[in-house]
Amino acid sequence: MSFSTFSFQLSTFIKKEFYHVFRDSKTLLMLFGMPIVLIVLFGFAVTNEIKNAKIVVCDYAKDPASQEIINKLSVNKTFHLHNTLFNHAQIEEAFKKENIKLAIVFPANFYKDLLHLNGAQVQIIADGSDPNTANTLTKYATSVIMEYQHTLTKNSNMPYTIAPEVRMLYNPELKGVINFVPGIMALVLMLVCVLMTSVSIVREKETGTMEILLVSPFNPFLVIISKAIPYLALSLINLAVILMLSVTLLEIPINGSIWLLIAESTLLIICALSLGLLISNITRSQQSAMLISMIGMLVPTLLFTGFMFPLENMPVALQVFSHIIPSKWYYIIVKSIMIKGLGFGAVWKETLILFGITCFFLIVSLKKFNIRLS
Amino acid sequence: MADVTLNNIVKTYNKGEVKAVNNVSFEINKGELFGLIGADGSGKTSIFRILTTLLLPDSGTASINGFDVIKDYKTIRKNIGYMPGKFSLYQDLSVQENLDFFATIFNTTVKENYDLIKDIYIQLEPFKTRKAGKLSGGMKQKLALCCALIHRPTVLLLDEPTTGVDVVSRKEFWEILKGLKQQGITILVSTPYMDEANLCERIALLQNGSIMSIDRPNNIVKQFPDTLFAMRANDMGRLQNVLRSNKLIKSCFSFGDFHHVTMDSGELTMDNLEKQLIESGFQNVIIKEITPTVEDCFIYLMGNAMEN
């Protein structure tokens, strides 16, 4: 068989795969709806950041210092200055009635004490029924107050002050989304590729067309290649959609090389495609292929990638298990490239591991691929 | 020369628990239209899948055009046309797209072998942009046949091509097969319909994975040992009960409007049986001698096989 007939056969088969995808609205919806929904969901709804927490202030001082701090608090996106109160009794009331997260009380003579006694007190009252939020909010409020103190001490000559200067590298605003985007990329690529390949091959088995394809001069391995190429292409489009959404909608820049990112993603896609092939070999119906892909991919990817639950906190056994999850390595790679802006030199080890896992799945699935029925 | 040969083929499933094909041997000559006749579960599809290299037999050998189904499976896959029992084309692709796709997969074009499929394709042409899933049963089968023929196979294997197809389309389908046979294509076709058996040159009657008889349909009919009578009366249900409880009646099976009956002709004749029936209260009794059909033979052989 000459190369031209070979490539013509291949392109005809690939065209047929695209017909299947584009003529089935359910597949299309899944393919392109899922990444968009996930990005929007994780980007805006599911987040551990706190925005616009309602706070109240009770200012007995009403002097420049207290006004300045209140100003700083109210322009901060974390806080929403709900009300200014006049005494402690009202504070208690506000906590009970108005879903206030934090109250800040400035005593009388706040500024004077600060200047003359070299120290003043400010009271921060938080709603401890939600300890995580209370903790975070008090820390934020304290840091705002400390910042103010800093500007004061800059002008005077106070000896022996240690000023810890904290910088959050790569993510100065501590955006939770930055962690989620690489995670979602891993999740979507894993799910879509595994699901699409396994379902499309099992469908051929279910409808009996696989029987005809096998009883033809067409090489069975070409069937696999012809299945892999369209889903590789579609997954790359998916990747582009995710990246575009994260850059434009979530304002997360791509700091490293985009080509390296695409190359690494292609590696994960090939890994997922071979997993899909493996699943299609062991299942007979589209439903079971879908179920195995969904549960078998979704749960480990969510749990062991590291973007939802820190792997460091897990029992050792689970940490060891996480090593065989391809998306874990991809997640590390993408974080390094996208957020830290590192090059291949920094991720070659993870890439090698991912490559190894891919080769393993590819070889096993090709070996298991049946050139006959059952 | 035999185009298709099977030698003592055995195929079991579930680790030998289910015996699907039991020591089957037969040969199909070049250019012959050969029928596998048997009920569901008699092993027809397993035989097809072994011949199409999709299943490996437990033991025995089989070959097509002299090529072994195990060793030379690649060559066989190039040379045969196969139509599985279930409609197996892409339902979301149009008639034309399906045809073009399979032509390409078989490394040919529709144009190249158009003369072979022309007669069938002309009937499909008005629907060529219609999705295959939206075709009628008869049209689907014609399209599947077109796709199986597209590469001009030497041997055509059709697994129950007329199941679920209306009577008119079935008739047309057999006409097409006759035409293909004239072009020198060897055809193996299976069917659960006994009336289609007469349309084959030779048939193999299959029951529980074993062949009961292989011959030309008219020779198989000659094997029927008794004289066969068709009977009817006003109360067909009671007629059957009465006949079956009569010790001189060998067999009685319901065939549409009539019961087909064999009897111990030494003791009983048509006339005195009719008399007996009228005495037992039947009206409008009709008894006539008929030539047995393949189905009569099939039932007879099946009964024999069960006794053994």
# chains A, B, ... in the order shown; residues from 1 in each chain; ligands from 1
>>> residues_around(residues="Gly209 (chain B)", least_positions_apart="5", cutoff="9 Å", atoms="only C-alpha atoms", output="list in words")
Val10, Lys11, Lys19, Ala20, Val21, Asn22, Asn23, Val24, Gly41, Ser42, Gly43, Lys44 and Ser46 of chain B
>>> select_by_dssp(residues="region 35-215 of chain B", states="alpha helix (DSSP H)", output="ChimeraX atom specification")
/B:44-51,73-79,95-105,114-124,137-149,167-182
>>> interface_residues(of="chain A", to="chain B", cutoff="6 Å", atoms="only C-alpha atoms", output="number ranges by chain")
A: 9, 207-209, 215-218, 372-373
>>> write_last_selection(atoms="C-alpha atoms", output="PDB file, in the first residue's frame")
ATOM      1  CA  GLN A   9      -7.658   6.051   4.166  1.00  0.00           C
ATOM      2  CA  THR A 207     -23.254  -1.182  16.896  1.00  0.00           C
ATOM      3  CA  GLY A 208     -21.255  -3.966  15.270  1.00  0.00           C
ATOM      4  CA  THR A 209     -19.286  -1.701  12.953  1.00  0.00           C
ATOM      5  CA  VAL A 215     -13.046  -7.912   8.631  1.00  0.00           C
ATOM      6  CA  SER A 216     -11.408  -5.467   6.262  1.00  0.00           C
ATOM      7  CA  PRO A 217      -7.883  -4.892   5.038  1.00  0.00           C
ATOM      8  CA  PHE A 218      -7.741  -1.825   7.289  1.00  0.00           C
ATOM      9  CA  ARG A 372     -10.750 -10.442  16.905  1.00  0.00           C
ATOM     10  CA  LEU A 373     -13.978 -10.461  18.860  1.00  0.00           C
TER      11      LEU A 373
END
>>> residues_around(residues="Gly137 (chain B)", least_positions_apart="6", cutoff="12 Å", atoms="only C-alpha atoms", output="ChimeraX atom specification")
/B:86-87,143-144,161-170,173
>>> write_last_selection(atoms="C-alpha atoms", output="compact mmCIF listing (two decimals), in the first residue's frame")
# COMPACT_ATOMS: atom_id res chain seq x y z
CA LYS B 86 -27.13 -6.87 13.17
CA PHE B 87 -27.32 -3.77 10.99
CA LEU B 143 -27.03 -0.60 1.78
CA ALA B 144 -25.20 -3.07 4.00
CA PRO B 161 -29.62 -10.73 5.95
CA THR B 162 -33.40 -11.00 5.71
CA THR B 163 -34.30 -11.12 9.38
CA GLY B 164 -36.68 -8.34 10.27
CA VAL B 165 -37.23 -7.39 6.64
CA ASP B 166 -40.65 -7.28 4.97
CA VAL B 167 -41.72 -10.01 2.53
CA VAL B 168 -41.33 -7.91 -0.61
CA SER B 169 -37.85 -6.74 0.32
CA ARG B 170 -36.88 -10.29 1.23
CA PHE B 173 -32.95 -9.46 -1.71
>>> residues_around(residues="region 244-261 of chain A", least_positions_apart="2", cutoff="8 Å", atoms="only C-alpha atoms", output="list of chain:residue names")
A:Ile36, A:Ile39, A:Gly43, A:Val177, A:Ile178, A:Val181, A:Ala240, A:Val241, A:Ile242, A:Ala263, A:Glu264, A:Ser265, A:Val334, A:Ile337, A:Met338, A:Ile339, A:Lys340, A:Gly341, A:Leu342, A:Gly343, A:Phe344
>>> residues_around(residues="region 144-146 of chain A", least_positions_apart="6", cutoff="8 Å", atoms="only C-alpha atoms", output="list in words")
Ile69, Lys72 and Leu73 of chain A
>>> select_by_dssp(residues="region 22-264 of chain B", states="strand (DSSP E or B)", output="number ranges by chain")
B: 22-29, 33-38, 59-64, 67-68, 80-83, 94, 131, 155-158, 186-191, 202-207, 210-215, 228-232, 249-255, 258-263
>>> closest_residue(among="A:Ser235, A:Gln67, A:Thr151, A:Gln123", to="Leu102 (chain A)", atoms="only C-alpha atoms")
A:Gln123
>>> closest_residue(among="B:Asp226, B:Asp58, B:Glu196, B:Glu201", to="Gly31 (chain B)", atoms="only C-alpha atoms")
B:Glu201
>>> atom_distance(atom1="CA of Asn8 (chain B)", atom2="CA of Ala62 (chain B)")
8.6 Å
>>> residues_around(residues="Asn304 (chain B)", least_positions_apart="3", cutoff="12 Å", atoms="only C-alpha atoms", output="PyMOL selection string")
chain B and resi 207+212-213+224-225+251+297-301+307-308
>>> write_last_selection(atoms="C-alpha atoms", output="PDB file, in the first residue's frame")
ATOM      1  CA  GLN B 207     -29.577 -27.626  15.225  1.00  0.00           C
ATOM      2  CA  MET B 212     -28.389 -32.584  10.727  1.00  0.00           C
ATOM      3  CA  SER B 213     -28.237 -32.746   6.950  1.00  0.00           C
ATOM      4  CA  PHE B 224     -38.484 -37.480   4.251  1.00  0.00           C
ATOM      5  CA  PRO B 225     -39.357 -41.126   4.989  1.00  0.00           C
ATOM      6  CA  SER B 251     -46.480 -36.864  14.017  1.00  0.00           C
ATOM      7  CA  CYS B 297     -37.764 -32.317   7.005  1.00  0.00           C
ATOM      8  CA  PHE B 298     -36.216 -29.992   9.552  1.00  0.00           C
ATOM      9  CA  ILE B 299     -38.812 -30.871  12.164  1.00  0.00           C
ATOM     10  CA  TYR B 300     -38.489 -34.556  11.362  1.00  0.00           C
ATOM     11  CA  LEU B 301     -34.688 -34.445  11.687  1.00  0.00           C
ATOM     12  CA  GLU B 307     -34.514 -39.071  20.413  1.00  0.00           C
ATOM     13  CA  ASN B 308     -30.852 -39.861  20.021  1.00  0.00           C
TER      14      ASN B 308
END
>>> closest_residue(among="B:Leu156, B:Ala2, B:Ala132, B:Leu243", to="Val95 (chain B)", atoms="only C-alpha atoms")
B:Ala132
>>> atom_distance(atom1="CA of Trp329 (chain A)", atom2="CA of Pro315 (chain A)")
18.7 Å
>>> residues_around(residues="Phe321 (chain A)", least_positions_apart="4", cutoff="10 Å", atoms="only C-alpha atoms", output="list in words")
Pro300, Phe304, Val316, Ala317 and Ile325 of chain A
>>> closest_residue(among="B:Leu239, B:Cys252, B:Met302, B:Ile187", to="Phe282 (chain B)", atoms="only C-alpha atoms")
B:Leu239
>>> decode(residues="region 75-196 of chain B", atoms="C-alpha atoms", output="mmCIF file, in the first residue's frame")
data_model
loop_
_atom_site.group_PDB
_atom_site.id
_atom_site.type_symbol
_atom_site.label_atom_id
_atom_site.label_comp_id
_atom_site.auth_asym_id
_atom_site.auth_seq_id
_atom_site.Cartn_x
_atom_site.Cartn_y
_atom_site.Cartn_z
ATOM 1 C CA THR B 75 -5.454 -12.288 3.470
ATOM 2 C CA ILE B 76 -8.958 -13.518 4.200
ATOM 3 C CA ARG B 77 -10.006 -10.129 5.531
ATOM 4 C CA LYS B 78 -9.008 -8.617 2.183
ATOM 5 C CA ASN B 79 -10.951 -11.106 0.103
ATOM 6 C CA ILE B 80 -14.294 -11.591 1.791
ATOM 7 C CA GLY B 81 -17.386 -9.485 2.084
ATOM 8 C CA TYR B 82 -19.213 -9.769 5.397
ATOM 9 C CA MET B 83 -22.599 -8.613 6.543
ATOM 10 C CA PRO B 84 -23.122 -9.211 10.273
ATOM 11 C CA GLY B 85 -26.519 -10.238 11.609
ATOM 12 C CA LYS B 86 -27.131 -6.871 13.174
ATOM 13 C CA PHE B 87 -27.315 -3.774 10.988
ATOM 14 C CA SER B 88 -23.739 -2.588 11.315
ATOM 15 C CA LEU B 89 -23.278 0.630 9.445
ATOM 16 C CA TYR B 90 -22.883 4.128 10.795
ATOM 17 C CA GLN B 91 -26.397 5.306 11.524
ATOM 18 C CA ASP B 92 -25.374 8.948 11.730
ATOM 19 C CA LEU B 93 -23.701 8.873 8.330
ATOM 20 C CA SER B 94 -25.650 9.230 5.109
ATOM 21 C CA VAL B 95 -26.003 6.455 2.544
ATOM 22 C CA GLN B 96 -23.371 8.038 0.339
ATOM 23 C CA GLU B 97 -20.990 8.667 3.246
ATOM 24 C CA ASN B 98 -21.256 5.080 4.437
ATOM 25 C CA LEU B 99 -20.581 3.754 0.978
ATOM 26 C CA ASP B 100 -17.620 6.052 0.385
ATOM 27 C CA PHE B 101 -16.206 5.261 3.808
ATOM 28 C CA PHE B 102 -16.275 1.505 3.328
ATOM 29 C CA ALA B 103 -14.951 1.822 -0.220
ATOM 30 C CA THR B 104 -11.959 3.744 1.131
ATOM 31 C CA ILE B 105 -11.397 1.326 3.995
ATOM 32 C CA PHE B 106 -11.328 -1.501 1.465
ATOM 33 C CA ASN B 107 -8.889 0.457 -0.619
ATOM 34 C CA THR B 108 -11.169 0.982 -3.582
ATOM 35 C CA THR B 109 -13.733 3.452 -4.873
ATOM 36 C CA VAL B 110 -17.431 3.225 -5.534
ATOM 37 C CA LYS B 111 -16.737 4.000 -9.191
ATOM 38 C CA GLU B 112 -14.303 1.128 -9.637
ATOM 39 C CA ASN B 113 -16.805 -1.594 -8.787
ATOM 40 C CA TYR B 114 -19.955 0.271 -9.675
ATOM 41 C CA ASP B 115 -21.105 -2.387 -12.144
ATOM 42 C CA LEU B 116 -21.307 -4.931 -9.323
ATOM 43 C CA ILE B 117 -23.514 -2.862 -7.062
ATOM 44 C CA LYS B 118 -25.325 -0.882 -9.757
ATOM 45 C CA ASP B 119 -28.596 -2.819 -9.598
ATOM 46 C CA ILE B 120 -28.801 -2.411 -5.845
ATOM 47 C CA TYR B 121 -27.460 1.101 -5.702
ATOM 48 C CA ILE B 122 -30.021 2.426 -8.165
ATOM 49 C CA GLN B 123 -32.714 1.666 -5.587
ATOM 50 C CA LEU B 124 -30.761 3.490 -2.894
ATOM 51 C CA GLU B 125 -29.805 6.485 -4.952
ATOM 52 C CA PRO B 126 -32.953 8.546 -4.243
ATOM 53 C CA PHE B 127 -32.037 8.380 -0.545
ATOM 54 C CA LYS B 128 -28.325 8.924 -0.842
ATOM 55 C CA THR B 129 -28.257 11.968 1.444
ATOM 56 C CA ARG B 130 -30.459 10.306 4.042
ATOM 57 C CA LYS B 131 -28.874 9.097 7.282
ATOM 58 C CA ALA B 132 -28.495 5.316 7.300
ATOM 59 C CA GLY B 133 -30.348 5.143 10.628
ATOM 60 C CA LYS B 134 -33.446 6.650 8.987
ATOM 61 C CA LEU B 135 -33.744 4.040 6.225
ATOM 62 C CA SER B 136 -36.370 1.300 6.171
ATOM 63 C CA GLY B 137 -35.315 -2.227 7.116
ATOM 64 C CA GLY B 138 -35.119 -3.406 3.531
ATOM 65 C CA MET B 139 -33.135 -0.376 2.423
ATOM 66 C CA LYS B 140 -30.728 -0.810 5.316
ATOM 67 C CA GLN B 141 -30.000 -4.361 4.236
ATOM 68 C CA LYS B 142 -29.442 -3.280 0.656
ATOM 69 C CA LEU B 143 -27.033 -0.596 1.778
ATOM 70 C CA ALA B 144 -25.200 -3.067 4.004
ATOM 71 C CA LEU B 145 -24.958 -5.450 1.061
ATOM 72 C CA CYS B 146 -23.585 -2.664 -1.125
ATOM 73 C CA CYS B 147 -20.956 -1.914 1.509
ATOM 74 C CA ALA B 148 -20.039 -5.598 1.768
ATOM 75 C CA LEU B 149 -19.708 -5.857 -2.017
ATOM 76 C CA ILE B 150 -17.846 -2.642 -2.618
ATOM 77 C CA HIS B 151 -14.434 -4.304 -2.904
ATOM 78 C CA ARG B 152 -15.609 -7.149 -5.181
ATOM 79 C CA PRO B 153 -15.104 -9.978 -2.682
ATOM 80 C CA THR B 154 -14.592 -13.548 -3.849
ATOM 81 C CA VAL B 155 -16.708 -14.906 -1.026
ATOM 82 C CA LEU B 156 -19.742 -13.196 0.445
ATOM 83 C CA LEU B 157 -20.826 -14.114 3.978
ATOM 84 C CA LEU B 158 -24.289 -12.911 4.931
ATOM 85 C CA ASP B 159 -25.520 -13.586 8.453
ATOM 86 C CA GLU B 160 -29.330 -13.507 8.503
ATOM 87 C CA PRO B 161 -29.621 -10.730 5.947
ATOM 88 C CA THR B 162 -33.395 -11.003 5.711
ATOM 89 C CA THR B 163 -34.299 -11.123 9.381
ATOM 90 C CA GLY B 164 -36.681 -8.336 10.268
ATOM 91 C CA VAL B 165 -37.229 -7.387 6.644
ATOM 92 C CA ASP B 166 -40.646 -7.284 4.971
ATOM 93 C CA VAL B 167 -41.719 -10.007 2.528
ATOM 94 C CA VAL B 168 -41.332 -7.907 -0.614
ATOM 95 C CA SER B 169 -37.849 -6.741 0.322
ATOM 96 C CA ARG B 170 -36.885 -10.288 1.228
ATOM 97 C CA LYS B 171 -37.898 -11.468 -2.211
ATOM 98 C CA GLU B 172 -35.952 -8.668 -3.854
ATOM 99 C CA PHE B 173 -32.950 -9.461 -1.709
ATOM 100 C CA TRP B 174 -32.889 -13.065 -2.891
ATOM 101 C CA GLU B 175 -33.170 -11.910 -6.489
ATOM 102 C CA ILE B 176 -30.084 -9.772 -5.907
ATOM 103 C CA LEU B 177 -28.228 -12.746 -4.444
ATOM 104 C CA LYS B 178 -29.042 -14.805 -7.523
ATOM 105 C CA GLY B 179 -27.588 -12.039 -9.681
ATOM 106 C CA LEU B 180 -24.417 -11.956 -7.617
ATOM 107 C CA LYS B 181 -24.049 -15.693 -7.865
ATOM 108 C CA GLN B 182 -24.141 -15.365 -11.626
ATOM 109 C CA GLN B 183 -21.188 -13.017 -11.371
ATOM 110 C CA GLY B 184 -19.221 -15.893 -9.861
ATOM 111 C CA ILE B 185 -19.311 -14.829 -6.226
ATOM 112 C CA THR B 186 -19.486 -17.636 -3.693
ATOM 113 C CA ILE B 187 -22.216 -16.873 -1.187
ATOM 114 C CA LEU B 188 -22.853 -18.278 2.278
ATOM 115 C CA VAL B 189 -26.125 -17.059 3.686
ATOM 116 C CA SER B 190 -27.907 -17.971 6.889
ATOM 117 C CA THR B 191 -31.581 -17.677 7.611
ATOM 118 C CA PRO B 192 -34.102 -18.784 10.177
ATOM 119 C CA TYR B 193 -36.822 -18.770 7.487
ATOM 120 C CA MET B 194 -37.367 -22.251 6.080
ATOM 121 C CA ASP B 195 -39.151 -20.971 2.974
ATOM 122 C CA GLU B 196 -35.912 -19.280 1.901
#
